[in-house]
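J.: What follows is a single structure, and I will ask about it in a moment.
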Amino acid sequence: MSKLPAKRAMNLELTSERLLLRPLTESDLDVSVEILTDPAVMKYVGEPYNRDRVVRELPTVMKRSAGGAIGIWCVIERATGEKLGTAVLLPLPIEQVDTDWDLVTGDGLPDCEIEIGYILKPSAWGRGYATEACKRLLRFAFEKTPLEQVVAVADPASAASQKVLTKSGLTAEGTRRAYAAQCPGFRITRAQWLARNRGNG
């Protein structure tokens with residue numbers, strides 16, 4: 001497991017042109033219920049939750065590891081303060097259908113692939129917010145953590161999600177195993193990210 005520098009706390013509040021990404025907290029139950037119980041939002045993610053399940057699982061999904069580098073961020077529109085959804089850097093499940101939260105523990109990075117992903121409510125769709133959030137998390141991953149690569153997967157039927165991932169800088173790698181299924185896989189390495197972003201501040 002890679003160790004993060006312990007000298008100073010990592011800043012986990014990330015800003016981009018239009019967005020604030022901050023670690024998910026109990027105060028985000030509202031947007032969590034809104035997105036996870038919406039069949040339209042969950043169409044390519046899994047079966048919609050009910051409110052009781054969201055409430056029950058919120059303490060688990062608020063877990064963070066690797067100095068906070070691994071976890072879920074709430075995505076907020078800076079101009080209005082509106083919560084738009086969530087974005088993640090989390091262990092990629094291969095033969096499980098959900099994140100193995102036992103891997104989200106301790107100071108080091110888990111010894112597995114780390115995926116980037118997002119879930120946004122419908123009012124935020126088609127406005128470039130998903131791409132903006134993913135780009136900001138990739139910048140965080142490669143500037144502030146020891147991660148050497150980040151992966152992603154998408155539902156084969158979700159062309160929009162696949163487009164977001166490629167626009168964010170990841171390269172399509174064909175079909176791979178994840179979430180106990182075969183699905184399109186994507187990847188970006190630290191070297192690729194640095195080559196594309198050198199000199200961009």
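Identifiers in this document derive from the order of the structure tokens: chains are assigned A, B, ..., residues are numbered from 1 separately in each chain, and ligands are numbered from 1 in order of occurrence.
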Using only C-alpha atoms, which residues sit within 8 Å of A:Ala180 once same-chain residues fewer than 2 positions away are excluded, as an MDAnalysis selection string?

T.: chainID A and resid 93:97 177:178 182

J.: Okay, now the selection with N, CA, C and O atoms, as a compact mmCIF listing (two decimals), in the first residue's frame?

T.:
```
# COMPACT_ATOMS: atom_id res chain seq x y z
N PRO A 93 -14.91 -2.39 -7.77
CA PRO A 93 -15.27 -3.79 -7.53
C PRO A 93 -15.19 -4.60 -8.82
O PRO A 93 -15.57 -4.11 -9.88
N ILE A 94 -14.69 -5.81 -8.72
CA ILE A 94 -14.58 -6.69 -9.89
C ILE A 94 -15.71 -7.71 -9.90
O ILE A 94 -16.53 -7.73 -10.81
N GLU A 95 -15.78 -8.55 -8.89
CA GLU A 95 -16.82 -9.57 -8.83
C GLU A 95 -17.94 -9.23 -7.84
O GLU A 95 -18.82 -10.03 -7.60
N GLN A 96 -17.90 -8.04 -7.29
CA GLN A 96 -18.98 -7.57 -6.44
C GLN A 96 -19.79 -6.55 -7.22
O GLN A 96 -19.32 -5.97 -8.21
N VAL A 97 -21.02 -6.28 -6.75
CA VAL A 97 -21.87 -5.32 -7.45
C VAL A 97 -21.83 -3.94 -6.80
O VAL A 97 -22.49 -3.02 -7.26
N ARG A 177 -13.90 -6.59 -17.00
CA ARG A 177 -14.72 -7.09 -15.91
C ARG A 177 -14.77 -6.07 -14.79
O ARG A 177 -13.75 -5.56 -14.33
N ALA A 178 -15.98 -5.75 -14.34
CA ALA A 178 -16.19 -4.88 -13.18
C ALA A 178 -17.65 -4.99 -12.76
O ALA A 178 -18.52 -5.24 -13.60
N GLN A 182 -19.49 -7.61 -17.63
CA GLN A 182 -18.60 -7.10 -18.66
C GLN A 182 -19.07 -5.71 -19.07
O GLN A 182 -20.26 -5.52 -19.35
```

J.: May I have the residues within 12 Å of A:Glu47 as a PyMOL selection string, using only C-alpha atoms and disregarding those fewer than 2 positions away in the same chain?

T.: chain A and resi 35-45+49-50+53+97-98

J.: Write out, as a short mmCIF file (atom, residue, chain, number, x, y, z; two decimals), in the first residue's frame, the residues just selected, with C-alpha atoms.

T.:
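This went into out.cif:
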```
data_model
loop_
_atom_site.label_atom_id
_atom_site.label_comp_id
_atom_site.auth_asym_id
_atom_site.auth_seq_id
_atom_site.Cartn_x
_atom_site.Cartn_y
_atom_site.Cartn_z
CA ILE A 35 -30.35 11.01 -6.67
CA LEU A 36 -30.32 7.45 -5.34
CA THR A 37 -34.12 7.04 -5.27
CA ASP A 38 -34.63 8.49 -8.78
CA PRO A 39 -35.14 5.72 -11.38
CA ALA A 40 -33.95 8.03 -14.18
CA VAL A 41 -30.68 8.73 -12.36
CA MET A 42 -30.15 5.09 -11.42
CA LYS A 43 -30.97 3.69 -14.86
CA TYR A 44 -27.31 2.92 -15.62
CA VAL A 45 -26.14 2.57 -12.02
CA TYR A 49 -32.70 2.80 -3.36
CA ASN A 50 -35.50 3.67 -0.95
CA ARG A 53 -31.60 2.38 2.67
CA VAL A 97 -21.87 -5.32 -7.45
CA ASP A 98 -20.93 -2.51 -5.07
#
```

J.: As a list of chain:residue names, please: the residues near stretch 71-81 of chain A (cut-off 7 Å, only C-alpha atoms, same-chain neighbours under 5 positions excluded).

T.: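 So, after excluding close chain neighbours, the residues are A:Arg18, A:Leu19, A:Leu20, A:Leu21, A:Arg22, A:Pro23, A:Leu24, A:Met62, A:Lys63, A:Arg64, A:Ser65, A:Thr86, A:Ala87, A:Val88, A:Leu89, A:Leu90.
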
J.: Could you tell me how far atom CA of A:Val151 sits from atom CA of A:Ile116, in Å to one decimal place?

T.: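 So the answer is 6.3 Å.
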
J.: I'd like to know which of A:Leu147, A:Leu84, A:Leu194, A:Leu92 is closest to A:Tyr129, using only C-alpha atoms.

T.: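 So, comparing all the options, the nearest one is A:Leu84.
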
J.: How far is it from atom CA of A:Gly106 to atom CA of A:Ala69, in Å with one decimal?

T.: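 Taking atom CA of A:Gly106 as the start and atom CA of A:Ala69 as the end point, the length is 11.1 Å.
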
J.: When distances are computed from only C-alpha atoms, which of A:Arg187, A:Lys167, A:Lys135, A:Lys121 shows the smallest separation from A:Val153?

T.: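 Ranked by minimum distance to A:Val153, first place goes to A:Arg187.
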
J.: Neighbours of A:Thr175 within 6 Å (only C-alpha atoms; same-chain residues fewer than 4 positions away dropped), as a ChimeraX atom specification?

T.: /A:183-185

J.: Taking only C-alpha atoms into account, name the residue in A:Lys144, A:Val104, A:Glu82, A:Ile188 that is nearest to A:Val61.

T.: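 Answer, going by the shortest atom-to-atom distance: A:Val104.
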
J.: Just list the residues in stretch 2-201 of chain A DSSP gives strand (DSSP E or B) on the backbone, as an MDAnalysis selection string.

T.: chainID A and resid 3 14:15 19:23 65 70:77 83:91 108 114:120 149:153 171:178 181:189

J.: Could you tell me which of A:Ala160, A:Ala141, A:Leu103, A:Trp193 comes closest to A:Arg127 if we count only C-alpha atoms?

T.: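 Result for the nearest residue to A:Arg127: A:Ala160.
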
J.: As an exercise, work out the distance from atom CA of A:Ser168 to atom CA of A:Val150 in Å and give it to one decimal place.

T.: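 Distance reported for this atom pair: 11.6 Å.
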
J.: Need to verify the contact set: A:Arg136, 9 Å, only C-alpha atoms, exclusion of same-chain residues closer than 3 positions in sequence. Can you return it as a list in words?

T.: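 Non-adjacent residues within range: Leu14, Thr15, Ser16, Leu21, Thr131, Glu132, Ala133, Arg139, Phe140 and Ala141 of chain A.
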
J.: Which parts of chain A does DSSP call alpha helix (DSSP H) when run on the backbone here, written out as a ChimeraX atom specification?

T.: /A:29-36,39-42,51-61,129-144,159-167,190-197
